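Asker: Please find coords.csv (CSV, C-alpha atoms) on the next line:
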```
chain,number,residue,atom,x,y,z
A,245,MET,CA,17.7,-7.0,16.1
A,246,ILE,CA,14.1,-6.5,17.2
A,247,LYS,CA,12.0,-4.7,14.7
A,248,MET,CA,8.3,-3.6,14.7
A,249,ASN,CA,7.1,-6.9,13.2
A,250,ASP,CA,8.6,-8.7,16.2
A,251,ILE,CA,6.4,-6.7,18.6
A,252,THR,CA,3.4,-8.6,19.9
A,253,ARG,CA,0.2,-6.7,19.1
A,254,ASP,CA,-2.9,-6.1,21.2
A,255,GLY,CA,-5.2,-9.0,21.0
A,256,ASN,CA,-2.4,-11.7,21.4
A,257,PRO,CA,-3.2,-13.6,24.7
A,258,VAL,CA,0.4,-13.4,25.9
A,259,LEU,CA,-0.2,-9.7,26.6
A,260,ARG,CA,-3.0,-10.6,29.1
A,261,LYS,CA,-1.2,-13.3,31.0
A,262,ARG,CA,0.6,-12.9,34.3
A,263,ALA,CA,4.3,-13.4,33.4
A,264,GLU,CA,6.4,-16.1,35.0
A,265,LYS,CA,9.1,-15.1,37.6
A,266,LEU,CA,12.7,-15.8,36.5
A,267,SER,CA,15.2,-17.7,38.6
A,268,PHE,CA,18.9,-17.0,38.8
A,269,PRO,CA,21.4,-17.5,37.4
A,270,LEU,CA,19.6,-16.3,34.2
A,271,ASP,CA,19.7,-18.6,31.2
A,272,ALA,CA,22.0,-17.1,28.5
A,273,LYS,CA,19.0,-16.8,26.2
A,274,TYR,CA,17.2,-14.4,28.6
A,275,ILE,CA,20.4,-12.3,28.9
A,276,LYS,CA,20.4,-12.1,25.0
A,277,VAL,CA,16.7,-11.2,25.0
A,278,ALA,CA,17.3,-8.4,27.6
A,279,ASN,CA,20.2,-7.0,25.5
A,280,GLU,CA,18.0,-7.1,22.4
A,281,MET,CA,15.2,-5.3,24.2
A,282,MET,CA,17.5,-2.5,25.3
A,283,GLU,CA,19.0,-2.3,21.9
A,284,TYR,CA,15.5,-1.8,20.4
A,285,LEU,CA,14.9,1.1,22.8
A,286,LYS,CA,18.3,2.7,21.9
A,287,ASN,CA,17.7,2.2,18.2
A,288,SER,CA,14.1,3.5,18.4
A,289,GLN,CA,15.3,6.7,20.0
A,290,ASP,CA,18.0,7.3,17.4
A,291,PRO,CA,16.2,9.2,14.5
A,292,LYS,CA,18.4,7.8,11.7
A,293,ILE,CA,18.2,4.1,12.8
A,294,ALA,CA,14.5,4.5,13.6
A,295,GLU,CA,13.8,5.9,10.2
A,296,LYS,CA,15.9,3.3,8.4
A,297,TYR,CA,14.2,0.3,10.1
A,298,HIS,CA,10.7,2.0,10.6
A,299,LEU,CA,10.9,1.7,14.4
A,300,ARG,CA,8.3,3.4,16.6
A,301,ALA,CA,10.1,5.2,19.5
A,302,GLY,CA,9.9,3.5,22.8
A,303,VAL,CA,11.1,4.2,26.4
A,304,GLY,CA,10.1,0.7,27.7
A,305,LEU,CA,9.8,-2.8,26.4
A,306,ALA,CA,8.5,-5.8,28.4
A,307,ALA,CA,9.2,-9.4,27.5
A,308,PRO,CA,5.5,-10.2,26.8
A,309,GLN,CA,5.6,-7.6,24.1
A,310,ILE,CA,8.0,-9.8,22.2
A,311,GLY,CA,6.0,-13.0,23.0
A,312,LEU,CA,7.8,-14.1,26.1
A,313,SER,CA,5.7,-14.5,29.3
A,314,ILE,CA,8.6,-13.8,31.7
A,315,GLN,CA,9.0,-11.0,34.3
A,316,MET,CA,11.6,-8.8,32.5
A,317,ALA,CA,11.4,-5.3,31.1
A,318,SER,CA,13.9,-2.9,29.7
A,319,VAL,CA,13.5,0.8,30.4
A,320,LEU,CA,15.4,3.7,28.7
A,321,VAL,CA,14.2,7.2,29.7
A,322,PRO,CA,15.9,10.1,28.0
A,323,GLY,CA,16.0,13.6,29.5
A,324,PRO,CA,15.5,17.0,27.8
A,325,GLU,CA,19.0,17.1,26.4
A,326,ASN,CA,18.9,13.4,25.4
A,327,GLU,CA,21.0,12.5,28.4
A,328,ILE,CA,19.8,9.2,30.0
A,329,VAL,CA,17.6,9.7,33.0
A,330,PHE,CA,17.0,6.0,33.7
A,331,GLU,CA,18.4,2.9,32.0
A,332,GLU,CA,17.9,-0.6,33.4
A,333,THR,CA,16.5,-4.0,32.7
A,334,LEU,CA,14.2,-5.0,35.5
A,335,VAL,CA,13.9,-8.7,36.3
A,336,ASN,CA,11.1,-9.8,38.6
A,337,PRO,CA,10.2,-6.2,39.5
A,338,VAL,CA,7.8,-5.4,42.3
A,339,ILE,CA,6.4,-2.0,43.4
A,340,ILE,CA,6.9,-2.1,47.1
A,341,SER,CA,5.6,1.4,47.9
A,342,GLN,CA,3.8,4.2,46.1
A,343,SER,CA,2.7,7.7,46.7
A,344,VAL,CA,-0.9,8.7,47.2
A,345,GLN,CA,-0.2,11.6,44.7
A,346,VAL,CA,-1.6,10.7,41.3
A,347,ALA,CA,0.2,11.7,38.1
A,348,ALA,CA,-0.6,11.2,34.4
A,349,LEU,CA,1.0,12.1,31.1
A,350,GLU,CA,-0.6,15.2,29.7
A,351,GLU,CA,-0.8,13.7,26.2
A,352,GLY,CA,-1.8,10.2,27.4
A,353,GLU,CA,0.2,7.0,27.1
A,354,GLY,CA,1.0,5.0,24.0
A,355,CYS,CA,2.3,1.4,23.7
A,356,LEU,CA,4.4,-0.4,21.0
A,357,SER,CA,1.9,-3.2,21.2
A,358,VAL,CA,-1.2,-1.0,20.7
A,359,ASP,CA,-1.4,0.4,17.2
A,360,LYS,CA,-4.3,2.7,17.7
A,361,ASP,CA,-4.3,6.0,19.6
A,362,VAL,CA,-6.3,5.6,22.8
A,363,PRO,CA,-7.0,9.1,24.2
A,364,GLY,CA,-7.4,9.7,27.9
A,365,TYR,CA,-5.5,10.1,31.1
A,366,VAL,CA,-3.8,7.1,32.6
A,367,PRO,CA,-3.7,7.7,36.4
A,368,ARG,CA,-0.5,6.4,37.9
A,369,HIS,CA,1.4,7.0,41.2
A,370,ASP,CA,3.7,10.0,41.0
A,371,ARG,CA,6.4,8.3,43.2
A,372,ILE,CA,7.2,4.6,43.5
A,373,THR,CA,9.8,2.4,45.1
A,374,ILE,CA,10.7,-0.8,43.0
A,375,ARG,CA,12.5,-3.8,44.1
A,376,TYR,CA,14.0,-5.9,41.3
A,377,GLN,CA,17.0,-7.9,40.2
A,378,THR,CA,19.6,-7.0,37.6
A,379,LEU,CA,20.6,-9.4,34.9
A,380,ASP,CA,23.4,-10.8,37.2
A,381,GLY,CA,20.9,-11.4,40.0
A,382,GLU,CA,21.8,-8.4,42.2
A,383,GLU,CA,18.8,-7.2,44.1
A,384,LYS,CA,18.2,-3.5,43.9
A,385,THR,CA,15.6,-1.1,45.4
A,386,ILE,CA,15.1,2.3,43.7
A,387,LYS,CA,12.9,5.3,44.1
A,388,LEU,CA,11.5,6.9,41.0
A,389,ARG,CA,9.2,9.9,40.4
A,390,ASP,CA,7.3,11.6,37.6
A,391,TYR,CA,8.0,10.3,34.0
A,392,PRO,CA,10.4,7.5,34.9
A,393,ALA,CA,7.9,6.2,37.5
A,394,ILE,CA,5.1,6.3,35.0
A,395,VAL,CA,7.2,4.4,32.4
A,396,CYS,CA,8.1,1.7,35.0
A,397,GLN,CA,4.5,1.3,36.1
A,398,HIS,CA,3.5,0.9,32.4
A,399,GLU,CA,6.1,-1.9,31.9
A,400,ILE,CA,5.3,-3.6,35.2
A,401,ASP,CA,1.7,-3.6,34.2
A,402,HIS,CA,2.7,-5.6,31.1
A,403,LEU,CA,4.1,-8.3,33.4
A,404,LYS,CA,0.7,-8.5,35.1
A,405,GLY,CA,-1.3,-8.7,31.8
A,406,THR,CA,-2.6,-5.2,32.1
A,407,LEU,CA,-2.5,-2.6,29.3
A,408,PHE,CA,-2.4,1.2,29.8
A,409,TYR,CA,-5.9,1.8,28.5
A,410,ASP,CA,-7.4,-0.5,31.2
A,411,HIS,CA,-6.7,2.4,33.6
A,412,ILE,CA,-8.5,5.1,31.5
A,413,ASN,CA,-11.9,6.2,32.7
A,414,LYS,CA,-14.3,4.6,30.1
A,415,LYS,CA,-17.1,7.2,30.7
A,416,ASP,CA,-14.9,10.2,30.7
A,417,PRO,CA,-11.3,9.6,29.4
A,418,LEU,CA,-10.1,13.0,30.4
A,419,ASP,CA,-11.4,12.7,34.0
A,420,ILE,CA,-8.6,12.7,36.5
A,421,GLU,CA,-8.5,13.1,40.2
A,422,GLU,CA,-8.4,16.6,41.5
A,423,GLY,CA,-4.8,17.7,42.4
A,424,ALA,CA,-3.3,15.1,40.0
A,425,ILE,CA,0.1,16.1,38.5
A,426,LEU,CA,0.0,16.3,34.7
A,427,ILE,CA,3.4,15.6,33.2
A,428,GLY,CA,4.1,17.3,29.9
```
Rewrite the coordinates I just gave you, this time as structure tokens.
Answerer:
Amino acid sequence: MIKMNDITRDGNPVLRKRAEKLSFPLDAKYIKVANEMMEYLKNSQDPKIAEKYHLRAGVGLAAPQIGLSIQMASVLVPGPENEIVFEETLVNPVIISQSVQVAALEEGEGCLSVDKDVPGYVPRHDRITIRYQTLDGEEKTIKLRDYPAIVCQHEIDHLKGTLFYDHINKKDPLDIEEGAILIG
């Protein structure tokens, strides 16, 4: 079981490296890692388990965040009634198209690897199309918008060595393009 002390923290060079592409069939150890990453997300969103193990809630976890420089990220986005809006482990994900429309989370973004609060808007694309492979190697193309799109962009950034605060305007953290969608 992945716990908070297994999460790679900001400052570790693995978080700034471009992750390696995976080839198929996936090695059994990578399937195990993917299952453990998804298990962390599920546990972190369960108040009783999260409290018992002192887990910070997460909606995404990329392999570099547990010290592995490989192109794999698990995403678990709950909806308003705790129904699952999006659940998938993305292998070798690529954003193949994106909207011009900018969106950002009203409260800013956080990251399991970044222990401090970094205020500011993180401009993202409101709609994206991602091509990726599943754990069994099936190629999929999906369209996402709003919160799930932001979460996936955050996780794909991890695979490129980018952290969310790299996108925040350094001079004016609350500056955002006119007409941007703020997601609450």
Asker: Quick one: pull the distance between atom CA of Asp416 of chain A and atom CA of Ala393 of chain A, Å, one decimal.
Answerer: 24.1 Å
Asker: Within 10 Å of (-7.9, 14.1, 28.5) (coordinates as in the file), grab all the protein and nucleic acid residues, counting all atoms listed in the file, and write them out as a list in words.
Answerer: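 The answer, in the requested form, is Ala348, Leu349, Glu350, Glu351, Gly352, Pro363, Gly364, Tyr365, Val366, Ile412, Asn413, Asp416, Pro417, Leu418, Asp419 and Ile420 of chain A.
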Asker: Near Met281 of chain A, counting all atoms listed in the file, which residues have an atom at most 7 Å away, once you skip same-chain residues fewer than 3 positions from it, shown as a list of chain:residue names?
Answerer: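 Result of the neighbour search: A:Val277, A:Ala278, A:Tyr284, A:Leu285, A:Leu305, A:Ser318.
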Asker: Residues proximal to (4.6, -19.2, 33.3) were defined as those with any atom within 8 Å of that point in the file's coordinates, counting only C-alpha atoms. Which are they, as a PyMOL selection string?
Answerer: chain A and resi 262-265+313-314
Asker: Please provide the set of residues having any atom within 7 Å of Thr378 of chain A, restricted to all atoms listed in the file, with same-chain residues fewer than 6 positions apart removed, written as a VMD selection string.
Answerer: chain A and resid 333 to 335
Asker: Between A:Pro322, A:Val338, A:Val303, A:Phe330, which is the closest to Glu383 of chain A once you count all atoms listed in the file?
Answerer: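 With all atoms listed in the file as the atom set, the closest residue is A:Val338.
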Asker: Which of these, A:Asn249, A:Ser357, A:Thr406, A:Asn336, has the shortest distance to Gln315 of chain A once you count all atoms listed in the file?
Answerer: A:Asn336
Asker: Would you compute the distance between atom CA of Arg368 of chain A and atom CA of Val329 of chain A? Give it in Å to one decimal.
Answerer: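 Distance between the two atoms: 19.0 Å.
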Asker: Taking into account all atoms listed in the file, which residue in the set A:Glu422, A:Met248, A:Leu403, A:Arg389 is nearest to Tyr297 of chain A?
Answerer: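 Looking only at the distances to Tyr297 of chain A, the closest residue turns out to be A:Met248.
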Asker: Which of these, A:Glu332, A:Asp250, A:Glu421, A:Glu382, has the shortest distance to Gly311 of chain A once you count all atoms listed in the file?
Answerer: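 Ranked by minimum distance to Gly311 of chain A, first place goes to A:Asp250.
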Asker: Can you tell me how far atom CA of Ala272 of chain A sits from atom CA of Asp380 of chain A, in Å to one decimal?
Answerer: 10.8 Å
Asker: When distances are computed from only C-alpha atoms, which of A:Lys404, A:His298, A:Lys360, A:Lys387 shows the smallest separation from Ile340 of chain A?
Answerer: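 Among A:Lys404, A:His298, A:Lys360, A:Lys387, it is A:Lys387 that comes nearest to Ile340 of chain A.
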Asker: Using all atoms listed in the file, which of A:Tyr409, A:Phe268, A:Tyr376, A:Tyr391 sits nearest Leu426 of chain A?
Answerer: A:Tyr391
Asker: Find the residues near Val346 of chain A: any atom within 6 Å, counting all atoms listed in the file, skip ones fewer than 2 places away on the same chain, and give them as a VMD selection string.
Answerer: chain A and resid 368 to 370 424
Asker: How big is the axis-aligned box around the listed atoms of segment 411-418 of chain A once 4 Å is added on each side, and where is its centre? Give both in Å to one decimal, as AutoDock Vina command-line options.
Answerer:
```
--center_x -11.9 --center_y 7.7 --center_z 31.5 --size_x 18.4 --size_y 18.6 --size_z 12.2
```
